[in-house]
>>> print(open('protein_15.cif').read())   # mmCIF, C-alpha atoms
data_work
loop_
_atom_site.label_atom_id
_atom_site.label_comp_id
_atom_site.auth_asym_id
_atom_site.auth_seq_id
_atom_site.Cartn_x
_atom_site.Cartn_y
_atom_site.Cartn_z
CA MET V 1 -24.85 -28.59 -25.28
CA ASN V 2 -21.50 -30.25 -24.56
CA LYS V 3 -19.74 -29.97 -21.20
CA GLY V 4 -17.24 -27.37 -22.46
CA SER V 5 -19.97 -25.05 -23.69
CA LEU V 6 -21.94 -25.49 -20.47
CA PHE V 7 -18.88 -24.69 -18.36
CA ALA V 8 -18.13 -21.59 -20.46
CA ALA V 9 -21.74 -20.44 -20.14
CA ILE V 10 -21.66 -20.85 -16.35
CA CYS V 11 -18.39 -18.90 -16.09
CA LEU V 12 -19.63 -16.12 -18.35
CA GLY V 13 -22.89 -15.90 -16.45
CA SER V 14 -21.05 -15.66 -13.14
CA LEU V 15 -18.81 -12.90 -14.45
CA MET V 16 -21.74 -10.98 -15.87
CA ALA V 17 -23.50 -11.19 -12.53
CA SER V 18 -20.47 -10.04 -10.58
CA ALA V 19 -19.77 -7.33 -13.15
CA GLN V 20 -22.72 -5.39 -11.80
CA SER V 21 -22.35 -3.34 -8.65
CA TYR V 22 -23.57 -5.73 -5.98
CA GLU V 23 -24.60 -5.19 -2.41
CA TYR V 24 -23.42 -7.08 0.65
CA GLY V 25 -26.62 -7.32 2.66
CA LYS V 26 -24.79 -8.24 5.87
CA TYR V 27 -22.44 -5.26 5.74
CA GLY V 28 -24.46 -2.78 3.71
CA LYS V 29 -21.67 -2.21 1.18
CA THR V 30 -21.71 -1.77 -2.57
CA SER V 31 -18.74 -2.91 -4.61
CA GLU V 32 -17.57 -1.97 -8.11
CA SER V 33 -17.72 -3.96 -11.32
CA ILE V 34 -15.14 -6.70 -11.77
CA PHE V 35 -14.52 -5.49 -15.33
CA THR V 36 -11.77 -2.95 -15.97
CA PRO V 37 -13.14 0.53 -16.73
CA GLY V 38 -12.29 2.08 -20.08
CA HIS V 39 -11.19 5.25 -18.31
CA ASN V 40 -7.38 5.53 -18.07
CA TRP V 41 -7.07 1.90 -19.18
CA ILE V 42 -3.34 1.90 -19.98
CA LEU V 43 -2.45 3.96 -16.91
CA ASN V 44 -4.43 1.52 -14.77
CA ARG V 45 -2.38 -1.38 -16.15
CA VAL V 46 0.81 0.52 -15.31
CA SER V 47 -0.48 1.15 -11.78
CA ASP V 48 -1.27 -2.55 -11.38
CA LEU V 49 2.27 -3.43 -12.44
CA CYS V 50 3.76 -0.93 -10.00
CA ASP V 51 1.67 -2.41 -7.18
CA ILE V 52 3.84 -5.54 -7.28
CA PHE V 53 7.02 -3.70 -6.31
CA HIS V 54 8.37 -1.58 -3.48
CA LEU V 55 11.72 0.21 -3.42
CA GLY V 56 12.96 3.04 -1.25
CA ILE V 57 16.17 4.72 -0.11
CA GLY V 58 16.72 7.41 2.49
CA MET V 59 19.26 9.50 4.36
CA THR V 60 19.03 11.27 7.69
CA HIS V 61 20.84 13.04 10.50
CA ALA V 62 20.23 13.61 14.20
CA ASN V 63 16.80 15.22 14.67
CA PRO V 64 14.10 15.90 17.27
CA GLU V 65 12.04 12.89 16.20
CA THR V 66 14.54 10.42 17.67
CA GLY V 67 16.54 12.70 19.98
CA PRO V 68 19.77 11.13 21.30
CA LEU V 69 18.86 7.80 19.76
CA SER V 70 20.24 6.93 16.36
CA PRO V 71 17.84 8.26 13.69
CA SER V 72 18.49 5.19 11.56
CA MET V 73 18.88 1.73 13.04
CA GLY V 74 17.58 -1.80 12.71
CA VAL V 75 16.47 -4.54 10.34
CA HIS V 76 12.93 -5.72 9.71
CA ALA V 77 11.84 -8.54 7.42
CA GLN V 78 8.38 -9.80 6.66
CA VAL V 79 6.86 -12.65 4.67
CA THR V 80 3.24 -11.59 4.12
CA ASP V 81 1.38 -9.70 6.84
CA TYR V 82 1.54 -12.80 9.03
CA GLY V 83 5.30 -13.30 9.34
CA HIS V 84 7.51 -10.56 10.84
CA LEU V 85 10.95 -10.50 12.39
CA GLY V 86 13.01 -7.55 13.61
CA TYR V 87 12.72 -3.87 14.38
CA VAL V 88 13.63 -0.74 12.41
CA ILE V 89 13.41 2.98 13.10
CA PHE V 90 14.14 5.78 10.66
CA ALA V 91 13.44 9.52 10.70
CA GLY V 92 14.69 11.44 7.68
CA GLY V 93 14.24 12.03 3.97
CA SER V 94 13.36 9.26 1.53
CA ALA V 95 12.74 8.66 -2.15
CA GLU V 96 10.30 5.82 -2.57
CA MET V 97 8.22 3.80 -4.99
CA GLU V 98 5.56 2.11 -2.87
CA GLY V 99 3.46 0.29 -5.39
CA ARG V 100 1.51 2.86 -7.40
CA GLY V 101 2.65 5.66 -5.07
CA PHE V 102 5.85 7.64 -5.72
CA GLY V 103 7.37 10.44 -3.71
CA VAL V 104 10.30 12.25 -2.17
CA TYR V 105 9.53 13.35 1.38
CA PRO V 106 10.52 13.52 5.03
CA GLU V 107 9.13 10.59 6.98
CA PHE V 108 9.13 8.76 10.30
CA ARG V 109 9.10 4.96 10.35
CA GLU V 110 8.99 2.58 13.29
CA ILE V 111 8.20 -0.98 12.36
CA GLY V 112 8.75 -4.17 14.32
CA GLY V 113 7.32 -7.58 14.83
CA PHE V 114 7.69 -11.25 15.65
CA GLY V 115 5.63 -13.82 13.81
CA PRO V 116 2.10 -12.55 13.12
CA TRP V 117 2.29 -9.74 15.70
CA LYS V 118 3.69 -6.37 14.70
CA THR V 119 3.78 -2.67 15.39
CA TRP V 120 3.69 -0.41 12.35
CA THR V 121 3.88 3.37 12.50
CA VAL V 122 4.68 5.39 9.37
CA SER V 123 4.12 9.10 8.76
CA GLN V 124 5.09 10.71 5.44
CA ASP V 125 4.84 14.23 4.10
CA SER V 126 3.05 14.84 0.79
CA ASP V 127 4.84 17.81 -0.78
CA ILE V 128 6.53 16.00 -3.71
CA VAL V 129 4.36 13.01 -4.54
CA SER V 130 2.57 11.30 -7.41
CA PHE V 131 -1.21 11.17 -7.86
CA TYR V 132 -1.92 8.25 -5.51
CA LYS V 133 0.14 9.71 -2.65
CA ASP V 134 -1.51 13.11 -2.97
CA PRO V 135 -4.34 13.34 -0.39
CA LYS V 136 -6.26 15.89 -2.47
CA ARG V 137 -5.94 14.53 -5.99
CA SER V 138 -6.55 10.90 -4.99
CA ARG V 139 -9.28 11.72 -2.45
CA GLY V 140 -11.99 9.86 -4.35
CA TRP V 141 -9.96 6.70 -4.97
CA SER V 142 -8.68 6.61 -1.39
CA ALA V 143 -12.19 7.12 0.00
CA ARG V 144 -13.42 4.12 -2.00
CA MET V 145 -10.51 1.96 -0.78
CA ASP V 146 -11.22 3.07 2.80
CA GLY V 147 -14.97 2.68 2.48
CA SER V 148 -16.81 0.25 0.20
CA GLU V 149 -13.71 -1.88 -0.45
CA SER V 150 -12.56 -2.09 3.19
CA PHE V 151 -12.56 -5.30 5.22
CA ASN V 152 -12.90 -5.42 9.01
CA ASP V 153 -12.09 -1.70 9.19
CA ASP V 154 -8.88 -2.23 7.18
CA SER V 155 -8.60 -0.19 4.01
CA ALA V 156 -8.32 -2.20 0.81
CA HIS V 157 -5.21 -0.35 -0.37
CA VAL V 158 -3.18 2.17 1.63
CA VAL V 159 -0.78 4.45 -0.25
CA ILE V 160 -0.90 7.59 1.90
CA HIS V 161 0.67 7.36 5.36
CA LYS V 162 -0.07 10.71 6.93
CA ASP V 163 -0.87 10.61 10.62
CA ALA V 164 1.30 7.82 12.05
CA ASP V 165 -1.85 6.16 13.34
CA SER V 166 -1.26 2.72 11.85
CA MET V 167 0.29 1.14 14.94
CA SER V 168 -1.20 -2.25 15.70
CA THR V 169 -0.10 -5.31 17.61
CA THR V 170 -2.85 -7.52 16.23
CA TRP V 171 -2.05 -10.36 13.87
CA ASN V 172 -4.82 -9.55 11.40
CA HIS V 173 -4.07 -5.87 10.84
CA HIS V 174 -3.03 -4.90 7.28
CA PRO V 175 -1.16 -1.56 7.40
CA ARG V 176 -0.71 -1.46 3.61
CA GLY V 177 -4.30 -2.53 3.02
CA TRP V 178 -5.84 -5.99 2.93
CA HIS V 179 -5.27 -6.19 -0.84
CA ASN V 180 -1.55 -6.23 -0.03
CA PHE V 181 -1.59 -8.99 2.57
CA ALA V 182 1.10 -10.96 0.71
CA TYR V 183 3.72 -8.20 0.76
CA THR V 184 7.18 -9.67 1.40
CA GLY V 185 10.15 -7.42 1.92
CA LEU V 186 13.22 -6.33 3.84
CA GLU V 187 14.01 -2.95 5.39
CA VAL V 188 17.47 -2.03 6.68
CA ALA V 189 18.40 1.20 8.49
CA LEU V 190 22.01 1.79 9.46
CA PRO V 191 23.88 4.55 11.27
CA VAL V 192 26.98 5.97 9.61
CA GLY V 193 29.78 5.47 12.10
CA ILE V 194 29.62 3.96 15.58
CA PRO V 195 26.74 5.37 17.66
CA TYR V 196 27.48 6.86 21.06
CA THR V 197 31.22 7.03 20.44
CA PRO V 198 33.51 9.76 19.06
CA LEU V 199 33.02 8.07 15.68
CA ASP V 200 29.27 8.76 15.70
CA THR V 201 28.55 10.96 12.66
CA HIS V 202 24.85 11.32 13.63
CA LEU V 203 24.02 10.36 10.05
CA GLY V 204 22.08 7.36 8.79
CA VAL V 205 20.89 5.60 5.67
CA THR V 206 18.04 3.22 4.89
CA VAL V 207 17.14 0.84 2.06
CA ARG V 208 13.90 -1.06 1.66
CA ALA V 209 12.64 -3.40 -1.04
CA GLY V 210 9.81 -5.85 -1.46
CA VAL V 211 7.35 -7.57 -3.74
CA ASP V 212 3.65 -8.19 -3.32
CA THR V 213 2.55 -11.45 -4.92
CA SER V 214 -1.11 -10.70 -4.10
CA GLN V 215 -0.97 -8.09 -6.88
CA VAL V 216 0.42 -10.31 -9.66
CA ALA V 217 -2.87 -11.86 -10.77
CA ASP V 218 -4.60 -8.47 -10.65
CA PHE V 219 -2.00 -7.11 -13.08
CA LEU V 220 -2.18 -10.09 -15.46
CA LEU V 221 -5.96 -10.35 -15.52
CA GLY V 222 -6.26 -6.61 -16.06
CA TRP V 223 -5.03 -7.10 -19.63
CA PHE V 224 -8.01 -9.40 -20.18
CA GLY V 225 -10.54 -6.93 -18.82
CA LEU V 226 -10.82 -8.14 -15.22
CA ASP V 227 -10.20 -6.00 -12.14
CA PHE V 228 -10.98 -8.25 -9.18
CA TRP V 229 -9.29 -5.89 -6.68
CA HIS V 230 -11.49 -3.03 -7.94
CA ASP V 231 -8.46 -0.72 -7.66
CA ASP V 232 -8.55 0.73 -11.17
CA LEU V 233 -9.07 4.49 -11.19
CA ARG V 234 -12.63 5.29 -12.26
CA PRO V 235 -14.37 8.49 -13.41
CA SER V 236 -16.40 8.49 -10.19
CA ASP V 237 -13.14 8.63 -8.18
CA LEU V 238 -12.06 11.79 -10.01
CA ALA V 239 -15.51 13.32 -9.62
CA THR V 240 -15.38 12.74 -5.86
CA SER V 241 -11.91 14.31 -5.68
CA ALA V 242 -13.08 17.33 -7.68
CA ARG V 243 -16.05 17.89 -5.34
CA GLY V 244 -13.77 17.62 -2.32
CA THR V 245 -11.40 20.36 -3.54
CA ARG V 246 -14.08 22.96 -4.23
#
>>> encode(input="protein_15.cif", output="structure tokens")
Amino acid sequence: MNKGSLFAAICLGSLMASAQSYEYGKYGKTSESIFTPGHNWILNRVSDLCDIFHLGIGMTHANPETGPLSPSMGVHAQVTDYGHLGYVIFAGGSAEMEGRGFGVYPEFREIGGFGPWKTWTVSQDSDIVSFYKDPKRSRGWSARMDGSESFNDDSAHVVIHKDADSMSTTWNHHPRGWHNFAYTGLEVALPVGIPYTPLDTHLGVTVRAGVDTSQVADFLLGWFGLDFWHDDLRPSDLATSARGTR
């Protein structure tokens, strides 16, 4: 057997071994197959592509969430989960594509940080949302991301921001999920007019955009049958969701 054949055999054997659900003895977890499931194959590739991108816009007016403070103010930039600079607050209505999650909803956002330390509080309604932002329909998938795929109590992939409980000042916290640790983006929230003057309209706008390079390889390899993030929707996820809604 030549070296090329031996190398190919080793690689194939490793993939076949990892393709089986395997248990982490230290943590008592069971993970999914590394191979892409046949279920919803094309839609899973679309979801993987969407995971790379983030785009949102919003408008607001004076409201009880922020009181006399401007409901839209600040700039926050981040380069991965370990590099933050700035502070932004917004309370209003937004239309957003956050990876595989889409929606139009009222939300509250307060995000700030310096270097690896950050605070991150986001709460969004779920009235007009796509599958992955719907707490009921995506219950099974979200439970798997929060459970067997989690790392150090961080969910693997967070799409639903419901209870504004994601505030953390620790450097190793991943508010979008540890799969999305390489998210890099910019968020700007501006008041319309000059706050606290007669020219204060009590209106505000926000724009946010970003890319997540940690999702690029997952998208590309998905076309070759590999799902190393284990984030493809599986029949078991839908079965869990169906049981939860009965």
>>> closest_residue(input="protein_15.cif", among="V:Pro106, V:Gly74, V:Gly140, V:Pro116", to="Ser236 of chain V", atoms="all atoms listed in the file")
V:Gly140
>>> resolve_selection(input="protein_15.cif", expression="the PyMOL selection byres ((chain V and resi 237) around 8)", output="list in words")
Ser138, Arg139, Gly140, Trp141, Arg144, Leu233, Arg234, Pro235, Ser236, Leu238, Ala239, Thr240 and Ser241 of chain V
>>> write_last_selection(input="protein_15.cif", atoms="C-alpha atoms", output="PDB file, keeping the file's coordinate frame")
ATOM      1  CA  SER V 138      -6.550  10.900  -4.990  1.00  0.00           C
ATOM      2  CA  ARG V 139      -9.280  11.720  -2.450  1.00  0.00           C
ATOM      3  CA  GLY V 140     -11.990   9.860  -4.350  1.00  0.00           C
ATOM      4  CA  TRP V 141      -9.960   6.700  -4.970  1.00  0.00           C
ATOM      5  CA  ARG V 144     -13.420   4.120  -2.000  1.00  0.00           C
ATOM      6  CA  LEU V 233      -9.070   4.490 -11.190  1.00  0.00           C
ATOM      7  CA  ARG V 234     -12.630   5.290 -12.260  1.00  0.00           C
ATOM      8  CA  PRO V 235     -14.370   8.490 -13.410  1.00  0.00           C
ATOM      9  CA  SER V 236     -16.400   8.490 -10.190  1.00  0.00           C
ATOM     10  CA  LEU V 238     -12.060  11.790 -10.010  1.00  0.00           C
ATOM     11  CA  ALA V 239     -15.510  13.320  -9.620  1.00  0.00           C
ATOM     12  CA  THR V 240     -15.380  12.740  -5.860  1.00  0.00           C
ATOM     13  CA  SER V 241     -11.910  14.310  -5.680  1.00  0.00           C
TER      14      SER V 241
END
>>> closest_residue(input="protein_15.cif", among="V:Gly38, V:Gly147, V:Pro71, V:Gly185", to="Glu110 of chain V", atoms="only C-alpha atoms")
V:Pro71
>>> atom_distance(input="protein_15.cif", atom1="atom CA of Pro37 of chain V", atom2="atom CA of Phe219 of chain V")
14.0 Å
>>> closest_residue(input="protein_15.cif", among="V:Ile128, V:Leu186, V:Leu43, V:Val104", to="Leu85 of chain V", atoms="only C-alpha atoms")
V:Leu186
>>> resolve_selection(input="protein_15.cif", expression="the PyMOL selection byres ((chain V and resi 35) around 7)", output="count of residues only")
8
>>> atom_distance(input="protein_15.cif", atom1="atom CA of Thr119 of chain V", atom2="atom CA of Phe181 of chain V")
15.3 Å
>>> closest_residue(input="protein_15.cif", among="V:Gly177, V:Gly103, V:Gly112, V:Gly93", to="Asp231 of chain V", atoms="all atoms listed in the file")
V:Gly177
>>> resolve_selection(input="protein_15.cif", expression="the PyMOL selection byres ((chain V and resi 208) around 9)", output="VMD selection string")
chain V and resid 54 to 58 96 185 to 189 206 to 207 209 to 210
>>> write_last_selection(input="protein_15.cif", atoms="C-alpha atoms", output="short mmCIF file (atom, residue, chain, number, x, y, z; two decimals), keeping the file's coordinate frame")
data_model
loop_
_atom_site.label_atom_id
_atom_site.label_comp_id
_atom_site.auth_asym_id
_atom_site.auth_seq_id
_atom_site.Cartn_x
_atom_site.Cartn_y
_atom_site.Cartn_z
CA HIS V 54 8.37 -1.58 -3.48
CA LEU V 55 11.72 0.21 -3.42
CA GLY V 56 12.96 3.04 -1.25
CA ILE V 57 16.17 4.72 -0.11
CA GLY V 58 16.72 7.41 2.49
CA GLU V 96 10.30 5.82 -2.57
CA GLY V 185 10.15 -7.42 1.92
CA LEU V 186 13.22 -6.33 3.84
CA GLU V 187 14.01 -2.95 5.39
CA VAL V 188 17.47 -2.03 6.68
CA ALA V 189 18.40 1.20 8.49
CA THR V 206 18.04 3.22 4.89
CA VAL V 207 17.14 0.84 2.06
CA ALA V 209 12.64 -3.40 -1.04
CA GLY V 210 9.81 -5.85 -1.46
#
>>> closest_residue(input="protein_15.cif", among="V:Phe224, V:Trp229, V:Trp41, V:Phe131", to="Arg100 of chain V", atoms="only C-alpha atoms")
V:Phe131
>>> atom_distance(input="protein_15.cif", atom1="atom CA of Pro198 of chain V", atom2="atom CA of Met73 of chain V")
17.7 Å
>>> closest_residue(input="protein_15.cif", among="V:Ala143, V:Leu220, V:Ala91, V:Val158", to="Pro64 of chain V", atoms="only C-alpha atoms")
V:Ala91
>>> residues_around(input="protein_15.cif", residues="Gly115 of chain V", least_positions_apart="3", cutoff="10 Å", atoms="all atoms listed in the file", output="ChimeraX atom specification")
/V:78-79,81-86,118,171
